[in-house]
>>> print(open('run.tsv').read())   # TSV, C-alpha atoms and all ligand atoms
chain	number	residue	atom	x	y	z
A	1	MET	CA	-29.48	6.68	-13.96
A	2	SER	CA	-26.69	5.40	-11.79
A	3	SER	CA	-25.43	1.83	-12.17
A	4	ILE	CA	-22.56	0.89	-9.92
A	5	THR	CA	-20.88	-2.39	-10.82
A	6	ILE	CA	-20.02	-4.83	-8.05
A	7	LYS	CA	-16.74	-6.44	-8.99
A	8	THR	CA	-16.34	-10.23	-9.20
A	9	ALA	CA	-13.47	-12.12	-7.60
A	10	ASP	CA	-11.76	-12.22	-11.01
A	11	ASP	CA	-12.27	-8.49	-11.48
A	12	ILE	CA	-10.66	-7.84	-8.11
A	13	VAL	CA	-7.59	-9.89	-9.01
A	14	GLY	CA	-7.25	-7.92	-12.25
A	15	MET	CA	-7.74	-4.60	-10.48
A	16	ARG	CA	-5.05	-5.43	-7.91
A	17	VAL	CA	-2.59	-6.05	-10.72
A	18	ALA	CA	-3.51	-2.87	-12.61
A	19	GLY	CA	-3.43	-0.79	-9.42
A	20	LYS	CA	0.03	-2.01	-8.45
A	21	LEU	CA	1.37	-1.34	-11.94
A	22	ALA	CA	0.02	2.23	-11.94
A	23	ALA	CA	1.65	2.88	-8.55
A	24	GLU	CA	4.93	1.40	-9.78
A	25	VAL	CA	5.06	3.96	-12.60
A	26	LEU	CA	4.94	6.67	-9.91
A	27	ASP	CA	7.81	4.94	-8.07
A	28	TYR	CA	9.84	4.66	-11.26
A	29	ILE	CA	9.53	8.31	-12.24
A	30	ALA	CA	10.33	9.85	-8.83
A	31	PRO	CA	14.12	10.28	-9.33
A	32	PHE	CA	13.56	12.03	-12.68
A	33	VAL	CA	11.37	14.79	-11.25
A	34	LYS	CA	13.93	17.51	-10.63
A	35	VAL	CA	14.92	21.02	-11.63
A	36	GLY	CA	15.52	21.30	-15.40
A	37	VAL	CA	13.41	18.37	-16.60
A	38	THR	CA	10.46	19.08	-18.89
A	39	THR	CA	6.99	17.67	-18.32
A	40	GLY	CA	7.24	16.22	-21.83
A	41	GLU	CA	10.35	14.25	-20.82
A	42	ILE	CA	8.53	12.92	-17.72
A	43	ASP	CA	5.68	11.82	-19.99
A	44	ARG	CA	8.07	10.14	-22.44
A	45	LEU	CA	9.82	8.21	-19.67
A	46	CYS	CA	6.52	7.05	-18.12
A	47	HIS	CA	5.09	6.12	-21.51
A	48	GLU	CA	8.15	4.02	-22.39
A	49	TYR	CA	8.12	2.33	-18.99
A	50	MET	CA	4.45	1.44	-19.32
A	51	VAL	CA	4.66	0.07	-22.83
A	52	ASP	CA	8.17	-1.47	-22.89
A	53	VAL	CA	8.71	-2.62	-19.29
A	54	GLN	CA	5.21	-3.27	-17.94
A	55	GLY	CA	3.26	-4.14	-21.04
A	56	THR	CA	0.52	-1.75	-19.95
A	57	ILE	CA	-1.50	0.73	-22.00
A	58	PRO	CA	-1.56	4.40	-20.91
A	59	ALA	CA	-5.30	5.03	-20.57
A	60	PRO	CA	-5.17	8.83	-21.07
A	61	LEU	CA	-3.63	8.64	-24.56
A	62	ASN	CA	-6.41	9.48	-27.04
A	63	TYR	CA	-8.98	9.32	-24.23
A	64	CYS	CA	-11.95	11.32	-25.48
A	65	PRO	CA	-14.96	11.80	-23.19
A	66	PRO	CA	-18.03	13.47	-24.74
A	67	GLY	CA	-17.34	17.15	-25.41
A	68	TYR	CA	-13.55	16.74	-25.30
A	69	THR	CA	-10.82	16.44	-27.90
A	70	PRO	CA	-8.64	13.31	-27.67
A	71	TYR	CA	-6.09	13.64	-24.85
A	72	PRO	CA	-2.69	13.83	-26.57
A	73	LYS	CA	-0.29	12.31	-24.01
A	74	ALA	CA	0.22	9.25	-21.79
A	75	ILE	CA	0.01	10.95	-18.37
A	76	CYS	CA	-1.17	14.19	-16.77
A	77	THR	CA	1.42	16.64	-15.37
A	78	SER	CA	-0.23	19.41	-13.35
A	79	VAL	CA	2.26	22.06	-12.19
A	80	ASN	CA	1.63	24.69	-9.44
A	81	ASP	CA	-1.72	26.40	-10.20
A	82	VAL	CA	-2.79	23.63	-12.58
A	83	VAL	CA	-5.57	21.75	-10.80
A	84	CYS	CA	-5.66	18.69	-13.08
A	85	HIS	CA	-5.29	17.39	-16.64
A	86	GLY	CA	-2.10	19.34	-17.34
A	87	ILE	CA	-0.77	18.24	-20.74
A	88	PRO	CA	2.96	17.38	-20.78
A	89	GLY	CA	5.07	19.57	-23.06
A	90	ASP	CA	8.00	21.97	-23.13
A	91	LYS	CA	7.53	23.30	-19.61
A	92	VAL	CA	10.80	23.13	-17.67
A	93	LEU	CA	10.51	22.49	-13.92
A	94	LYS	CA	12.26	25.14	-11.83
A	95	ASN	CA	13.24	25.16	-8.17
A	96	GLY	CA	10.16	24.98	-5.93
A	97	ASP	CA	7.72	23.83	-8.60
A	98	VAL	CA	5.17	21.30	-7.37
A	99	VAL	CA	3.69	18.85	-9.84
A	100	ASN	CA	1.01	16.20	-9.69
A	101	LEU	CA	1.72	13.17	-11.85
A	102	ASP	CA	-1.46	11.22	-12.61
A	103	ILE	CA	-1.04	7.73	-14.04
A	104	THR	CA	-3.74	5.45	-15.37
A	105	VAL	CA	-2.65	2.12	-16.86
A	106	ILE	CA	-4.71	-0.60	-18.50
A	107	LYS	CA	-3.62	-4.21	-17.94
A	108	ASP	CA	-5.69	-7.15	-19.22
A	109	GLY	CA	-8.59	-4.73	-19.66
A	110	TYR	CA	-8.50	-3.38	-16.09
A	111	HIS	CA	-7.65	0.21	-15.10
A	112	GLY	CA	-5.40	1.33	-12.23
A	113	ASP	CA	-5.53	5.09	-11.47
A	114	THR	CA	-3.29	6.91	-8.99
A	115	SER	CA	-1.51	10.23	-8.58
A	116	ARG	CA	1.05	11.81	-6.26
A	117	MET	CA	2.61	15.23	-5.69
A	118	TYR	CA	6.31	15.78	-6.45
A	119	VAL	CA	8.57	18.76	-5.85
A	120	ALA	CA	11.47	19.99	-7.98
A	121	GLY	CA	14.15	21.25	-5.59
A	122	GLU	CA	12.91	22.90	-2.39
A	123	PRO	CA	9.19	23.62	-1.95
A	124	SER	CA	7.84	26.75	-0.29
A	125	ILE	CA	6.35	26.34	3.20
A	126	LEU	CA	2.91	26.87	1.66
A	127	ALA	CA	3.40	24.25	-1.05
A	128	ARG	CA	4.62	21.67	1.45
A	129	ARG	CA	1.67	22.31	3.77
A	130	LEU	CA	-0.86	22.19	0.91
A	131	ASN	CA	0.61	18.88	-0.30
A	132	ASP	CA	0.50	17.43	3.23
A	133	ILE	CA	-3.05	18.57	3.97
A	134	THR	CA	-4.26	17.23	0.60
A	135	PHE	CA	-2.55	13.87	1.29
A	136	GLU	CA	-4.29	13.77	4.69
A	137	CYS	CA	-7.61	14.67	3.02
A	138	MET	CA	-7.29	11.69	0.66
A	139	TRP	CA	-6.50	9.30	3.50
A	140	LEU	CA	-9.23	10.66	5.78
A	141	GLY	CA	-11.69	10.03	2.96
A	142	ILE	CA	-10.36	6.52	2.33
A	143	SER	CA	-10.51	5.72	6.06
A	144	LYS	CA	-14.32	6.15	6.00
A	145	ILE	CA	-14.77	3.38	3.42
A	146	LYS	CA	-16.66	0.28	4.60
A	147	PRO	CA	-19.96	-1.41	3.79
A	148	GLY	CA	-22.85	0.62	5.18
A	149	ALA	CA	-20.96	3.91	5.03
A	150	HIS	CA	-22.09	6.53	2.52
A	151	LEU	CA	-20.23	8.46	-0.16
A	152	GLY	CA	-21.18	11.65	1.70
A	153	ASP	CA	-19.09	10.46	4.66
A	154	ILE	CA	-15.99	10.58	2.44
A	155	GLY	CA	-16.71	14.01	1.02
A	156	PHE	CA	-17.50	15.42	4.44
A	157	VAL	CA	-14.18	14.56	6.10
A	158	ILE	CA	-12.22	15.77	3.09
A	159	GLN	CA	-14.03	19.10	2.99
A	160	GLN	CA	-13.74	19.57	6.76
A	161	HIS	CA	-10.01	18.96	6.83
A	162	ALA	CA	-9.30	21.17	3.80
A	163	GLU	CA	-11.43	24.09	4.96
A	164	GLN	CA	-10.14	23.89	8.53
A	165	ALA	CA	-6.66	24.43	7.08
A	166	GLY	CA	-7.93	27.51	5.19
A	167	TYR	CA	-8.05	25.77	1.81
A	168	SER	CA	-10.89	25.03	-0.63
A	169	VAL	CA	-12.22	21.93	-2.39
A	170	VAL	CA	-12.59	21.90	-6.17
A	171	ARG	CA	-16.19	20.96	-7.04
A	172	GLU	CA	-16.08	20.30	-10.79
A	173	PHE	CA	-13.99	17.11	-10.68
A	174	CYS	CA	-14.47	14.10	-8.48
A	175	GLY	CA	-13.45	10.52	-7.85
A	176	HIS	CA	-15.13	7.83	-9.89
A	177	GLY	CA	-15.96	4.19	-10.18
A	178	ILE	CA	-13.35	2.30	-12.20
A	179	GLY	CA	-12.81	-1.19	-13.59
A	180	LYS	CA	-12.91	-2.26	-17.20
A	181	VAL	CA	-14.15	1.31	-17.77
A	182	PHE	CA	-11.89	4.30	-16.90
A	183	HIS	CA	-14.65	6.52	-15.49
A	184	GLU	CA	-17.90	4.91	-14.37
A	185	ASP	CA	-20.47	5.36	-11.60
A	186	PRO	CA	-20.40	6.39	-8.85
A	187	GLN	CA	-19.17	9.98	-8.73
A	188	VAL	CA	-17.14	10.43	-5.54
A	189	LEU	CA	-17.52	14.06	-4.44
A	190	HIS	CA	-14.80	15.52	-2.23
A	191	TYR	CA	-17.31	17.61	-0.24
A	192	GLY	CA	-20.66	16.81	1.31
A	193	ARG	CA	-22.58	15.69	4.39
A	194	PRO	CA	-22.33	12.48	6.43
A	195	GLY	CA	-24.97	9.85	5.76
A	196	THR	CA	-25.90	11.22	2.33
A	197	LEU	CA	-25.58	9.75	-1.16
A	198	THR	CA	-24.90	6.13	-2.14
A	199	GLU	CA	-24.43	3.47	0.55
A	200	LEU	CA	-21.21	1.51	0.07
A	201	VAL	CA	-21.33	-2.21	-0.66
A	202	ALA	CA	-18.44	-4.70	-0.66
A	203	GLY	CA	-17.07	-5.17	-4.17
A	204	MET	CA	-17.38	-1.54	-5.28
A	205	ILE	CA	-14.15	-0.02	-6.60
A	206	PHE	CA	-13.68	3.73	-6.94
A	207	THR	CA	-11.03	6.43	-6.69
A	208	VAL	CA	-10.59	9.07	-4.00
A	209	GLU	CA	-8.72	12.00	-5.57
A	210	PRO	CA	-9.31	15.36	-3.85
A	211	MET	CA	-8.16	18.53	-5.62
A	212	ILE	CA	-7.47	21.17	-2.95
A	213	ASN	CA	-6.68	24.83	-3.69
A	214	ALA	CA	-4.63	27.10	-1.44
A	215	GLY	CA	-6.98	29.95	-2.40
A	216	ARG	CA	-10.51	30.00	-3.77
A	217	ARG	CA	-12.18	26.92	-5.20
A	218	GLU	CA	-13.09	28.36	-8.61
A	219	ILE	CA	-11.32	27.05	-11.70
A	220	ARG	CA	-10.86	28.01	-15.34
A	221	GLU	CA	-10.21	25.88	-18.40
A	222	MET	CA	-7.31	26.68	-20.72
A	223	GLY	CA	-7.62	26.94	-24.51
A	224	ASP	CA	-6.20	23.44	-25.04
A	225	GLY	CA	-9.53	21.99	-23.93
A	226	TRP	CA	-7.99	19.99	-21.07
A	227	THR	CA	-5.78	21.97	-18.69
A	228	ILE	CA	-7.63	23.20	-15.60
A	229	LYS	CA	-6.13	26.00	-13.48
A	230	THR	CA	-7.22	27.82	-10.34
A	231	LYS	CA	-9.06	31.02	-11.26
A	232	ASP	CA	-7.13	33.05	-8.66
A	233	ARG	CA	-3.81	31.43	-9.69
A	234	SER	CA	-3.32	29.93	-6.23
A	235	LEU	CA	-1.50	26.62	-5.85
A	236	SER	CA	-3.50	23.40	-6.18
A	237	ALA	CA	-2.64	19.90	-5.02
A	238	GLN	CA	-4.08	16.43	-5.60
A	239	TRP	CA	-3.47	12.84	-4.48
A	240	GLU	CA	-5.31	9.77	-5.79
A	241	HIS	CA	-5.75	6.12	-4.91
A	242	THR	CA	-8.01	3.42	-6.33
A	243	VAL	CA	-9.81	1.61	-3.49
A	244	LEU	CA	-11.89	-1.57	-3.10
A	245	VAL	CA	-14.74	-1.77	-0.56
A	246	THR	CA	-14.14	-5.02	1.39
A	247	GLU	CA	-16.46	-6.86	3.80
A	248	THR	CA	-14.66	-5.22	6.74
A	249	GLY	CA	-13.48	-1.88	5.35
A	250	TYR	CA	-11.26	-1.05	2.43
A	251	GLU	CA	-8.26	-2.22	0.46
A	252	VAL	CA	-6.11	0.31	-1.40
A	253	LEU	CA	-5.28	-1.22	-4.78
A	254	THR	CA	-2.73	1.32	-6.03
A	255	VAL	CA	0.06	0.19	-3.72
A	256	SER	CA	3.79	-0.09	-4.40
A	257	PRO	CA	7.07	-0.19	-2.48
A	258	GLY	CA	7.73	3.52	-2.99
A	259	MET	CA	4.28	4.75	-2.09
A	260	PRO	CA	4.19	7.24	0.79
A	261	PRO	CA	2.74	5.47	3.84
A	262	PRO	CA	-0.61	6.65	5.24
A	263	PRO	CA	-0.48	9.41	7.87
A	264	ALA	CA	0.12	8.02	11.37
A	265	PHE	CA	-3.42	8.95	12.51
A	266	ILE	CA	-5.00	6.60	9.97
A	267	GLN	CA	-5.93	3.26	11.55
A	268	LYS	CA	-4.72	0.36	9.47
A	269	ALA	CA	-7.54	-1.16	7.44
A	270	ALA	CA	-8.60	-4.68	8.35
A	271	ALA	CA	-6.49	-7.31	6.62
A	272	PRO	CA	-7.39	-7.61	2.95
A	273	GLN	CA	-10.01	-10.27	2.22
A	274	THR	CA	-8.75	-13.36	0.46
A	275	VAL	CA	-11.57	-13.13	-2.07
A	276	GLY	CA	-10.27	-13.85	-5.52
A	277	VAL	CA	-6.94	-15.31	-4.41
B	1	LIG	N1	-6.45	10.18	-14.31
B	1	LIG	C1	-7.48	11.18	-14.29
B	1	LIG	C2	-8.44	10.78	-13.20
B	1	LIG	O1	-8.00	10.59	-12.12
B	1	LIG	C3	-8.17	11.32	-15.59
B	1	LIG	C4	-7.31	11.85	-16.64
B	1	LIG	S1	-8.18	11.89	-18.11
B	1	LIG	C5	-7.02	12.45	-19.18
B	1	LIG	O2	-9.59	10.55	-13.36
B	1	LIG	F1	-7.48	12.20	-20.36
B	1	LIG	F2	-6.79	13.67	-18.95
B	1	LIG	F3	-5.91	11.79	-18.98
B	2	CO	CO	-9.22	9.10	-11.32
B	3	CO	CO	-6.03	9.81	-12.11
>>> encode(input="run.tsv", output="structure tokens", more="lines below")
Ligand code: MF3
Ligand code: CO
Ligand code: CO
Amino acid sequence: MSSITIKTADDIVGMRVAGKLAAEVLDYIAPFVKVGVTTGEIDRLCHEYMVDVQGTIPAPLNYCPPGYTPYPKAICTSVNDVVCHGIPGDKVLKNGDVVNLDITVIKDGYHGDTSRMYVAGEPSILARRLNDITFECMWLGISKIKPGAHLGDIGFVIQQHAEQAGYSVVREFCGHGIGKVFHEDPQVLHYGRPGTLTELVAGMIFTVEPMINAGRREIREMGDGWTIKTKDRSLSAQWEHTVLVTETGYEVLTVSPGMPPPPAFIQKAAAPQTVGV
């Protein structure tokens, strides 16, 4: 059974705060992502910033969905062919490494979930193009969000853009509803057909977080029970925002001063509703 919560005005206020805080962790960490740093050090810095500066809780730490072992760190650091859920550790970033940093904070009970791609040193042409196409995929998906649209509309434009570029869409992981619960209904697939699946209603909040592989879409799970890699060892990229469905379109909640602006071809969403202010 699927039960999608419609957020109240108070929920929306709380989700704006949590979303902004999650995005601000990504701003904060940007200058530290360079050649020679370990993913464990990036995790430590983010964890300290969340707890000591923001007063937020890192949602991944000890997160334990059914069938999983508790996640051992505060953030996810997914390097090169790691698709998602990379566990921070001793890995040293070298020139050209690309890494997704995925931050989920809890503030006053509400979750903000966002991720970006970073590069240590100079990326390859392929890595830069994969990052850019994946970023465009996320924004194309977001741009479809408005009441009356369907979840399949989002998946369709993401899949089209990725496959047109010669890339593939990971099927096993998807966006998700989010609020007081980290992962809730609906599932937001990053592939699909227009007009299919759930119709969007104002007050829904969910993430759009496409995982796009430079090679084939198949994945494999590592022995740690969390880390997911591409089966063919091709590069994988991901971007994520948490988004509210408004009366007129959408409002991205995971916004911050350092966030990369939307691609120029994305029409600006209608002004955010004043609901909850
Ligand atoms: N932040 C991830 C997402 O976008 C989930 C990470 S779960 C963790 O849904 F336990 F691995 F952190
Ligand atoms: Co998410
Ligand atoms: Co995330």
>>> residues_around(input="run.tsv", residues="Leu61 in chain A", least_positions_apart="3", cutoff="9 Å", atoms="only C-alpha atoms", output="PyMOL selection string")
chain A and resi 57-58+64+70-75
>>> atom_distance(input="run.tsv", atom1="CA of Ser115 in chain A", atom2="CA of Ile103 in chain A")
6.0 Å
>>> residues_near_ligand(input="run.tsv", ligand="ligand CO 2 (chain B)", cutoff="6 Å", atoms="all atoms listed in the file", output="list of chain:residue names")
A:Asp113, A:Gly175, A:Thr207
>>> residues_near_ligand(input="run.tsv", ligand="ligand CO 3 (chain B)", cutoff="10 Å", atoms="all atoms listed in the file", output="number ranges by chain")
A: 22, 59-60, 75-76, 84-85, 100-105, 112-116, 175-176, 182-183, 207-209, 238-242
>>> residues_around(input="run.tsv", residues="range 5-16 of chain A", least_positions_apart="5", cutoff="12 Å", atoms="all atoms listed in the file", output="PyMOL selection string")
chain A and resi 21-23+104-113+176-186+200-206+241-246+251-256+272-277
>>> residues_around(input="run.tsv", residues="Leu197 in chain A", least_positions_apart="3", cutoff="8 Å", atoms="only C-alpha atoms", output="NGL selection string")
:A and (150-152)
>>> residues_around(input="run.tsv", residues="range 231-236 of chain A", least_positions_apart="4", cutoff="9 Å", atoms="all atoms listed in the file", output="PDB file with C-alpha atoms, in the frame of the given file")
ATOM      1  CA  SER A  78      -0.230  19.410 -13.350  1.00  0.00           C
ATOM      2  CA  VAL A  79       2.260  22.060 -12.190  1.00  0.00           C
ATOM      3  CA  ASN A  80       1.630  24.690  -9.440  1.00  0.00           C
ATOM      4  CA  ASP A  81      -1.720  26.400 -10.200  1.00  0.00           C
ATOM      5  CA  VAL A  82      -2.790  23.630 -12.580  1.00  0.00           C
ATOM      6  CA  VAL A  83      -5.570  21.750 -10.800  1.00  0.00           C
ATOM      7  CA  CYS A  84      -5.660  18.690 -13.080  1.00  0.00           C
ATOM      8  CA  VAL A  98       5.170  21.300  -7.370  1.00  0.00           C
ATOM      9  CA  LEU A 126       2.910  26.870   1.660  1.00  0.00           C
ATOM     10  CA  ALA A 127       3.400  24.250  -1.050  1.00  0.00           C
ATOM     11  CA  LEU A 130      -0.860  22.190   0.910  1.00  0.00           C
ATOM     12  CA  ASN A 131       0.610  18.880  -0.300  1.00  0.00           C
ATOM     13  CA  MET A 211      -8.160  18.530  -5.620  1.00  0.00           C
ATOM     14  CA  ILE A 212      -7.470  21.170  -2.950  1.00  0.00           C
ATOM     15  CA  ASN A 213      -6.680  24.830  -3.690  1.00  0.00           C
ATOM     16  CA  ALA A 214      -4.630  27.100  -1.440  1.00  0.00           C
ATOM     17  CA  GLY A 215      -6.980  29.950  -2.400  1.00  0.00           C
ATOM     18  CA  ARG A 216     -10.510  30.000  -3.770  1.00  0.00           C
ATOM     19  CA  ARG A 217     -12.180  26.920  -5.200  1.00  0.00           C
ATOM     20  CA  GLU A 218     -13.090  28.360  -8.610  1.00  0.00           C
ATOM     21  CA  ILE A 219     -11.320  27.050 -11.700  1.00  0.00           C
ATOM     22  CA  ARG A 220     -10.860  28.010 -15.340  1.00  0.00           C
ATOM     23  CA  GLU A 221     -10.210  25.880 -18.400  1.00  0.00           C
TER      24      GLU A 221
END
>>> closest_residue(input="run.tsv", among="A:Gly40, A:Pro260, A:Pro65, A:Pro31", to="ligand LIG 1 (chain B)", atoms="only C-alpha atoms and all ligand atoms")
A:Pro65
>>> atom_distance(input="run.tsv", atom1="CA of Asp90 in chain A", atom2="CA of Thr39 in chain A")
6.5 Å
>>> atom_distance(input="run.tsv", atom1="CA of Ser143 in chain A", atom2="CA of Lys229 in chain A")
28.5 Å
>>> closest_residue(input="run.tsv", among="A:Gly96, A:Gly225, A:Pro257, A:Gly192", to="ligand LIG 1 (chain B)", atoms="all atoms listed in the file")
A:Gly225
>>> closest_residue(input="run.tsv", among="A:Thr227, A:Thr56, A:Thr248, A:Ser3", to="ligand LIG 1 (chain B)", atoms="all atoms listed in the file")
A:Thr227
>>> closest_residue(input="run.tsv", among="A:Pro194, A:Gly19, A:Gly141, A:Gly67", to="Ile266 in chain A", atoms="all atoms listed in the file")
A:Gly141
>>> decode(input="run.tsv", residues="range 249-258 of chain A", atoms="all heavy atoms", output="short mmCIF file (atom, residue, chain, number, x, y, z; two decimals), in the first residue's frame")
data_model
loop_
_atom_site.label_atom_id
_atom_site.label_comp_id
_atom_site.auth_asym_id
_atom_site.auth_seq_id
_atom_site.Cartn_x
_atom_site.Cartn_y
_atom_site.Cartn_z
N GLY A 249 3.66 24.84 -9.19
CA GLY A 249 4.82 24.15 -9.75
C GLY A 249 5.61 23.48 -8.66
O GLY A 249 5.15 22.53 -8.03
N TYR A 250 6.83 23.99 -8.43
CA TYR A 250 7.68 23.35 -7.44
C TYR A 250 8.51 24.40 -6.71
O TYR A 250 8.71 25.51 -7.20
CB TYR A 250 8.62 22.34 -8.10
CG TYR A 250 9.60 22.96 -9.07
CD1 TYR A 250 10.84 23.45 -8.63
CD2 TYR A 250 9.30 23.08 -10.43
CE1 TYR A 250 11.73 24.03 -9.52
CE2 TYR A 250 10.18 23.66 -11.32
CZ TYR A 250 11.41 24.13 -10.86
OH TYR A 250 12.29 24.72 -11.72
N GLU A 251 8.99 23.99 -5.55
CA GLU A 251 9.96 24.79 -4.79
C GLU A 251 11.06 23.86 -4.33
O GLU A 251 10.80 22.89 -3.61
CB GLU A 251 9.28 25.44 -3.58
CG GLU A 251 10.24 26.25 -2.70
CD GLU A 251 9.59 26.78 -1.42
OE1 GLU A 251 8.34 26.88 -1.37
OE2 GLU A 251 10.35 27.06 -0.48
N VAL A 252 12.30 24.14 -4.75
CA VAL A 252 13.44 23.35 -4.29
C VAL A 252 13.76 23.78 -2.87
O VAL A 252 13.93 24.97 -2.60
CB VAL A 252 14.65 23.54 -5.23
CG1 VAL A 252 15.87 22.81 -4.69
CG2 VAL A 252 14.31 23.03 -6.64
N LEU A 253 13.82 22.82 -1.96
CA LEU A 253 14.01 23.13 -0.53
C LEU A 253 15.48 23.11 -0.13
O LEU A 253 15.86 23.74 0.85
CB LEU A 253 13.22 22.13 0.33
CG LEU A 253 11.71 22.10 0.06
CD1 LEU A 253 11.06 21.03 0.93
CD2 LEU A 253 11.08 23.46 0.32
N THR A 254 16.29 22.38 -0.86
CA THR A 254 17.71 22.21 -0.50
C THR A 254 18.55 23.28 -1.20
O THR A 254 19.41 22.96 -2.04
CB THR A 254 18.17 20.79 -0.85
OG1 THR A 254 17.52 20.35 -2.06
CG2 THR A 254 17.83 19.81 0.25
N VAL A 255 18.28 24.52 -0.85
CA VAL A 255 18.94 25.65 -1.50
C VAL A 255 19.93 26.31 -0.54
O VAL A 255 19.73 26.31 0.67
CB VAL A 255 17.92 26.69 -1.99
CG1 VAL A 255 17.14 26.14 -3.16
CG2 VAL A 255 17.00 27.13 -0.88
N SER A 256 21.00 26.88 -1.10
CA SER A 256 22.03 27.54 -0.31
C SER A 256 22.79 28.49 -1.23
O SER A 256 22.70 28.38 -2.45
CB SER A 256 22.99 26.49 0.25
OG SER A 256 23.69 25.89 -0.82
N PRO A 257 23.56 29.40 -0.63
CA PRO A 257 24.30 30.37 -1.46
C PRO A 257 25.27 29.71 -2.44
O PRO A 257 25.45 30.20 -3.55
CB PRO A 257 25.07 31.19 -0.42
CG PRO A 257 24.29 31.06 0.85
CD PRO A 257 23.69 29.68 0.81
N GLY A 258 25.88 28.59 -2.04
CA GLY A 258 26.90 27.98 -2.90
C GLY A 258 26.37 26.93 -3.85
O GLY A 258 27.14 26.29 -4.56
#
